[in-house]
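First comes the structure, then the notes that go with it.
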Amino acid sequence: MSTSPRLGTDTPLPAGVVPPPVVPTGVGIVHLGWGAFHRAHQAVYTEDAMAASGDLRWGILGDVVHTAGKVATLREQGGRYTVLTVGLNPDGSPLEQARVVASVLDVAFQGDETPRLLAAMAAPTTHLVTLTITEKGYCRTGDGHLDLEKVQPDVDALVAELGGADDVAPAATAVGLLVRGLAARFRGDATPITVLSCDNVAHNGAVLRAVVDELLAAAGPVAADLTAWLAAHTTWPSSMVDRITPAVTPQTLDRVEHLLGAHDEAAVSGEPFRQWVVEDSFAGPRPAWELAGAQIVDADGVTAWEEAKLRMLNGTHSLVAYAGRLFGYATMAEAVVSPEIAAHARAYMVDDAMPSVTPPAGADLPAYAESLLERFANPATGHSTRQVSTDGTQKIPFRWGGALRFALDGGRVPDGIAFGLAAWTEFVRRAVRDGVDLGDPAGAPALTAAVAAAGGSVEGVARALLALPGVLPGDAGTHRALADAVVGHATALAAASDTLL
């Protein structure tokens with residue numbers, strides 16, 4: 001147990017630790033899905049934007065979905081937390097920098113503070129609701145539509161609130177919380193507001209708006225006026241975000257404590273690289289994020305970058321993570337350079353993903369590909385294969401689906417994707433066999449049932465998983481040549497190793 005004092009607003013910071021450049025004057029952003037990535041990415045951009053512009057109204061109130069303990073932690077620390085940037089300098093020497101951030105003014109646990117979050121989204125001083133709720137947070141079924149069973153408690157609460165009910169039920173989902181917050185704004189000040197998704201989902205703004213529309217439709221006629229108001233008073237820009245942010249470990253917290261001389265339970269770490277591409281579609285004021293290095297572009301510009309990132313970065317990440325777990329590699333850095341995986345990762349990146357991407361304006365895709373492989377191999381991040389190999393049924397459609405469709409339409413079976421799919425099917429087979437957590441709550445029942453129905457055989461499981469609805473686009477899951485290629489790789493993987501990290 002740490003004996004150091006807790007980080008706070010009056011903690012003296014040692015030389016070398018970067019202090020907050022500014023302190024916000026109030027909350028201007030409500031962020032749903034407050035977690036490590038947000039702390040290392042959008043919150044830092046927002047603080048830098050305030051420092052560069054002098055506009056200090058963009059403090060953040062974060063919605064904590066799962067870990068209520070983080071609320072007490074951040075409040076005890078007066079909203080302060082540390083971002084530890086780790087990597088390599090151009091000369092190959094280690095890079096390490098600790099920075100204390102002050103842009104997050106407070107957080108709230110939606111399990112027992114839903115009324116406060118609704119009020120914050122309704123406040124006229126709030127101009128943006130931003131989200132990092134991960135792919136599964138959009139509550140979509142395999143066909144891309146809203147999972148009404150998951151959101152029904154929020155639909156019921158929305159109907160009651162629009163009908164004038166005073167009791168506020170706890171939010172069951174982030175999407176439901178968002179719609180109920182927008183409804184509170186509609187019933188109150190009714191000023192325009194921007195809803196900005198920052199998740200690894202293609203066309204994330206449009207996807208978010210679509211599930212919101214389906215939730216409103218489920219609420220029936222009572223939501224008609226709210227639906228009309230949203231059409232006239234909200235915008236839903238898409239964005240692309242990028243910064244490798246490993247899961248926080250005790251070692252991370254110990255290192256931060258050593259550098260600060262203070263204990264920080266909300267600290268996060270990240271690589272030096274960061275990127276944020278945001279569609280220029282805002283309903284009202286926003287931080288001057290472009291002064292902090294963000295790219296504010298048109299819709300086509302976001303689409304090009306999100307396509308490149310999802311297919312090249314995230315797609316390669318998933319391949320390396322699943323294969324890494326099969327061969328016993330704990331970190332992404334170890335796995336991406338291993339002899340069993342390196343050539344397949346490069347083949348996927350260069351031969352399958354890159355040709356399917358429309359280059360963003362001014363981008364050099366071959367150079368981008370090489371930079372990604374270098375970033376993955378950075379041992380300082382400690383990014384684990386376990387962290388990346390989660391939620392496969394939610395991620396594979398976005399990360400591999402587009403490149404797969406491009407290759408098959410061109411008459412080619414993409415070998416890199418076939419290897420990645422084989423690594424995933426073997427991961428699922430071994431995990432079910434050994435009782436290892438699949439890390440895929442949404443897909444676990446269907447995956448487990450498919451493995452059982454196939455009798456646990458390598459080939460049977462591979463073919464069954466490929467054919468699951470919603471995993472691969474169109475009829476790709478039953479494409480004979482693709483399935484044969486996947487089975488070939490899966491058989492080779494099973495022969496090379498039959499364990500699972």
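Starting from 1 in every chain, residues are counted up; chains themselves are A, B, ... following the order of the structure tokens, and ligands are numbered from 1 as listed.
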
For A:Leu326: contacts at 10 Å, only C-alpha atoms, fewer than 3 positions along chain excluded, given as number ranges by chain: A: 320-323, 329, 423-424, 426-427, 430, 493-494, 496-501

Test item: residues at most 9 Å from stretch 29-35 of chain A, only C-alpha atoms, excluding those fewer than 5 positions along its chain, as a PyMOL selection string: chain A and resi 40+57-66+107+117+120-121+125-134+137+174+177-178

Mind dumping the selected residues with N, CA, C and O atoms as a compact mmCIF listing (two decimals), in the first residue's frame?
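What ended up in result_5.txt:
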# COMPACT_ATOMS: atom_id res chain seq x y z
N ALA A 40 -6.25 10.01 -21.78
CA ALA A 40 -4.97 10.17 -22.49
C ALA A 40 -5.12 10.89 -23.82
O ALA A 40 -4.11 11.26 -24.42
N ARG A 57 -13.74 27.65 -20.87
CA ARG A 57 -15.07 27.16 -20.47
C ARG A 57 -15.28 25.68 -20.79
O ARG A 57 -16.39 25.18 -20.70
N TRP A 58 -14.19 24.96 -21.12
CA TRP A 58 -14.36 23.62 -21.65
C TRP A 58 -13.95 22.51 -20.67
O TRP A 58 -13.44 21.48 -21.06
N GLY A 59 -14.22 22.73 -19.40
CA GLY A 59 -14.01 21.65 -18.44
C GLY A 59 -14.93 20.48 -18.75
O GLY A 59 -15.98 20.62 -19.36
N ILE A 60 -14.50 19.29 -18.31
CA ILE A 60 -15.20 18.05 -18.66
C ILE A 60 -15.81 17.41 -17.42
O ILE A 60 -15.17 17.31 -16.37
N LEU A 61 -17.06 16.97 -17.55
CA LEU A 61 -17.70 16.09 -16.56
C LEU A 61 -17.76 14.71 -17.19
O LEU A 61 -18.36 14.53 -18.26
N GLY A 62 -17.15 13.73 -16.55
CA GLY A 62 -17.07 12.39 -17.12
C GLY A 62 -18.10 11.44 -16.53
O GLY A 62 -18.32 11.42 -15.32
N ASP A 63 -18.71 10.65 -17.40
CA ASP A 63 -19.65 9.61 -16.99
C ASP A 63 -18.88 8.31 -16.82
O ASP A 63 -18.30 7.78 -17.77
N VAL A 64 -18.87 7.77 -15.61
CA VAL A 64 -18.20 6.51 -15.31
C VAL A 64 -19.24 5.40 -15.40
O VAL A 64 -20.23 5.40 -14.66
N VAL A 65 -19.00 4.44 -16.29
CA VAL A 65 -20.01 3.41 -16.54
C VAL A 65 -19.87 2.24 -15.58
O VAL A 65 -20.86 1.74 -15.05
N HIS A 66 -18.65 1.77 -15.35
CA HIS A 66 -18.46 0.51 -14.63
C HIS A 66 -17.79 0.65 -13.26
O HIS A 66 -18.21 0.01 -12.30
N VAL A 107 -16.31 13.68 -12.17
CA VAL A 107 -16.91 12.51 -12.81
C VAL A 107 -18.13 12.10 -12.00
O VAL A 107 -18.30 12.50 -10.83
N LEU A 117 -26.10 13.62 -14.28
CA LEU A 117 -25.64 13.59 -15.67
C LEU A 117 -26.69 14.15 -16.61
O LEU A 117 -26.36 14.88 -17.56
N ALA A 120 -26.57 17.87 -16.31
CA ALA A 120 -25.38 18.44 -16.95
C ALA A 120 -25.55 18.51 -18.46
O ALA A 120 -25.14 19.50 -19.10
N MET A 121 -26.13 17.47 -19.07
CA MET A 121 -26.36 17.52 -20.52
C MET A 121 -27.41 18.56 -20.89
O MET A 121 -27.41 19.08 -22.01
N THR A 125 -24.74 25.82 -20.46
CA THR A 125 -23.29 26.00 -20.57
C THR A 125 -22.59 24.78 -21.18
O THR A 125 -21.42 24.84 -21.52
N THR A 126 -23.31 23.66 -21.30
CA THR A 126 -22.77 22.47 -21.95
C THR A 126 -23.05 22.56 -23.45
O THR A 126 -24.21 22.67 -23.85
N HIS A 127 -22.01 22.48 -24.24
CA HIS A 127 -22.17 22.61 -25.70
C HIS A 127 -21.85 21.34 -26.46
O HIS A 127 -22.15 21.25 -27.65
N LEU A 128 -21.20 20.37 -25.78
CA LEU A 128 -20.88 19.11 -26.44
C LEU A 128 -21.09 17.93 -25.50
O LEU A 128 -20.80 18.02 -24.31
N VAL A 129 -21.60 16.84 -26.08
CA VAL A 129 -21.55 15.53 -25.43
C VAL A 129 -20.64 14.67 -26.29
O VAL A 129 -20.88 14.52 -27.49
N THR A 130 -19.57 14.15 -25.70
CA THR A 130 -18.63 13.30 -26.43
C THR A 130 -18.70 11.89 -25.87
O THR A 130 -19.13 11.68 -24.74
N LEU A 131 -18.28 10.92 -26.67
CA LEU A 131 -18.43 9.53 -26.26
C LEU A 131 -17.22 8.70 -26.63
O LEU A 131 -16.70 8.80 -27.75
N THR A 132 -16.76 7.85 -25.68
CA THR A 132 -15.88 6.71 -25.96
C THR A 132 -16.48 5.54 -25.20
O THR A 132 -16.09 5.24 -24.07
N ILE A 133 -17.42 4.87 -25.84
CA ILE A 133 -18.17 3.79 -25.18
C ILE A 133 -17.84 2.43 -25.77
O ILE A 133 -18.46 1.44 -25.40
N THR A 134 -16.88 2.35 -26.68
CA THR A 134 -16.42 1.16 -27.40
C THR A 134 -17.53 0.63 -28.32
O THR A 134 -18.68 1.02 -28.22
N GLY A 137 -20.77 -0.57 -26.88
CA GLY A 137 -21.60 0.42 -26.21
C GLY A 137 -22.74 0.95 -27.06
O GLY A 137 -23.67 1.57 -26.54
N ALA A 174 -25.28 3.55 -22.21
CA ALA A 174 -24.77 4.88 -22.57
C ALA A 174 -25.67 5.54 -23.61
O ALA A 174 -25.91 6.76 -23.55
N LEU A 177 -28.68 6.79 -21.81
CA LEU A 177 -28.32 7.97 -21.03
C LEU A 177 -28.23 9.20 -21.93
O LEU A 177 -28.72 10.28 -21.59
N LEU A 178 -27.62 9.03 -23.09
CA LEU A 178 -27.49 10.15 -24.04
C LEU A 178 -28.86 10.68 -24.45
O LEU A 178 -29.12 11.89 -24.40

10 Å contact set for A:Gly401, only C-alpha atoms, chain neighbours under 2 positions out, as number ranges by chain: A: 311, 315, 395-399, 403-406, 417, 470-474, 476

Output the selection as a compact mmCIF listing (two decimals), in the first residue's frame - N, CA and C atoms for each residue.
# COMPACT_ATOMS: atom_id res chain seq x y z
N ARG A 311 -8.82 -0.21 -40.71
CA ARG A 311 -8.34 -1.37 -41.46
C ARG A 311 -6.85 -1.62 -41.24
N GLY A 315 -7.08 -3.29 -37.56
CA GLY A 315 -7.11 -4.63 -38.15
C GLY A 315 -5.84 -5.41 -37.87
N LYS A 395 -15.70 -6.19 -33.09
CA LYS A 395 -14.63 -5.48 -33.77
C LYS A 395 -14.33 -6.01 -35.18
N ILE A 396 -14.40 -7.32 -35.37
CA ILE A 396 -14.02 -7.91 -36.66
C ILE A 396 -14.80 -7.32 -37.82
N PRO A 397 -16.12 -7.11 -37.71
CA PRO A 397 -16.83 -6.54 -38.85
C PRO A 397 -16.28 -5.20 -39.31
N PHE A 398 -15.83 -4.38 -38.37
CA PHE A 398 -15.30 -3.06 -38.73
C PHE A 398 -13.84 -3.13 -39.17
N ARG A 399 -13.05 -3.99 -38.54
CA ARG A 399 -11.61 -3.98 -38.76
C ARG A 399 -11.20 -4.80 -39.99
N ALA A 403 -11.90 -4.57 -45.87
CA ALA A 403 -10.76 -5.06 -46.66
C ALA A 403 -11.06 -6.43 -47.25
N LEU A 404 -11.78 -7.27 -46.50
CA LEU A 404 -12.15 -8.59 -47.01
C LEU A 404 -13.08 -8.47 -48.22
N ARG A 405 -14.08 -7.62 -48.10
CA ARG A 405 -15.02 -7.45 -49.21
C ARG A 405 -14.30 -6.91 -50.44
N PHE A 406 -13.38 -5.97 -50.25
CA PHE A 406 -12.61 -5.39 -51.35
C PHE A 406 -11.82 -6.48 -52.08
N ILE A 417 -5.81 -11.68 -44.07
CA ILE A 417 -7.09 -11.73 -43.35
C ILE A 417 -7.43 -13.18 -42.99
N GLY A 470 -23.37 -11.67 -39.03
CA GLY A 470 -22.85 -10.39 -38.58
C GLY A 470 -21.36 -10.30 -38.41
N VAL A 471 -20.64 -11.44 -38.47
CA VAL A 471 -19.19 -11.39 -38.28
C VAL A 471 -18.49 -10.91 -39.55
N LEU A 472 -18.86 -11.49 -40.69
CA LEU A 472 -18.26 -11.12 -41.97
C LEU A 472 -19.34 -10.54 -42.89
N PRO A 473 -18.95 -9.68 -43.82
CA PRO A 473 -19.95 -9.01 -44.66
C PRO A 473 -20.61 -9.94 -45.66
N GLY A 474 -21.91 -9.74 -45.89
CA GLY A 474 -22.62 -10.48 -46.92
C GLY A 474 -22.48 -11.98 -46.77
N ALA A 476 -19.65 -13.57 -47.27
CA ALA A 476 -18.21 -13.87 -47.16
C ALA A 476 -17.96 -15.04 -46.21

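Closest approach to A:Pro192 among A:Leu319, A:Ala122, A:Val207, A:Leu259: A:Ala122, based on only C-alpha atoms.
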
Surrounding residues of A:Ala68 excluding itself and chain neighbours under 2 positions, 6 Å, only C-alpha atoms, as a list in words: Lys70, Val71 and Phe109 of chain A

Residues from the last selection, N, CA and C atoms, saved as a PDB file, in the first residue's frame:
ATOM      1  N   LYS A  70     -13.608   4.933  -9.247  1.00  0.00           N
ATOM      2  CA  LYS A  70     -12.872   6.022  -9.896  1.00  0.00           C
ATOM      3  C   LYS A  70     -13.475   7.382  -9.569  1.00  0.00           C
ATOM      4  N   VAL A  71     -14.770   7.413  -9.252  1.00  0.00           N
ATOM      5  CA  VAL A  71     -15.406   8.680  -8.905  1.00  0.00           C
ATOM      6  C   VAL A  71     -14.792   9.231  -7.627  1.00  0.00           C
ATOM      7  N   PHE A 109     -20.852   8.572 -11.463  1.00  0.00           N
ATOM      8  CA  PHE A 109     -21.160   7.174 -11.744  1.00  0.00           C
ATOM      9  C   PHE A 109     -22.632   7.076 -12.129  1.00  0.00           C
TER      10      PHE A 109
END

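Distances here use only C-alpha atoms; by that measure, the residue among A:Leu84, A:Ala43, A:Ala330, A:Ala15 closest to A:Gln97 is A:Leu84.
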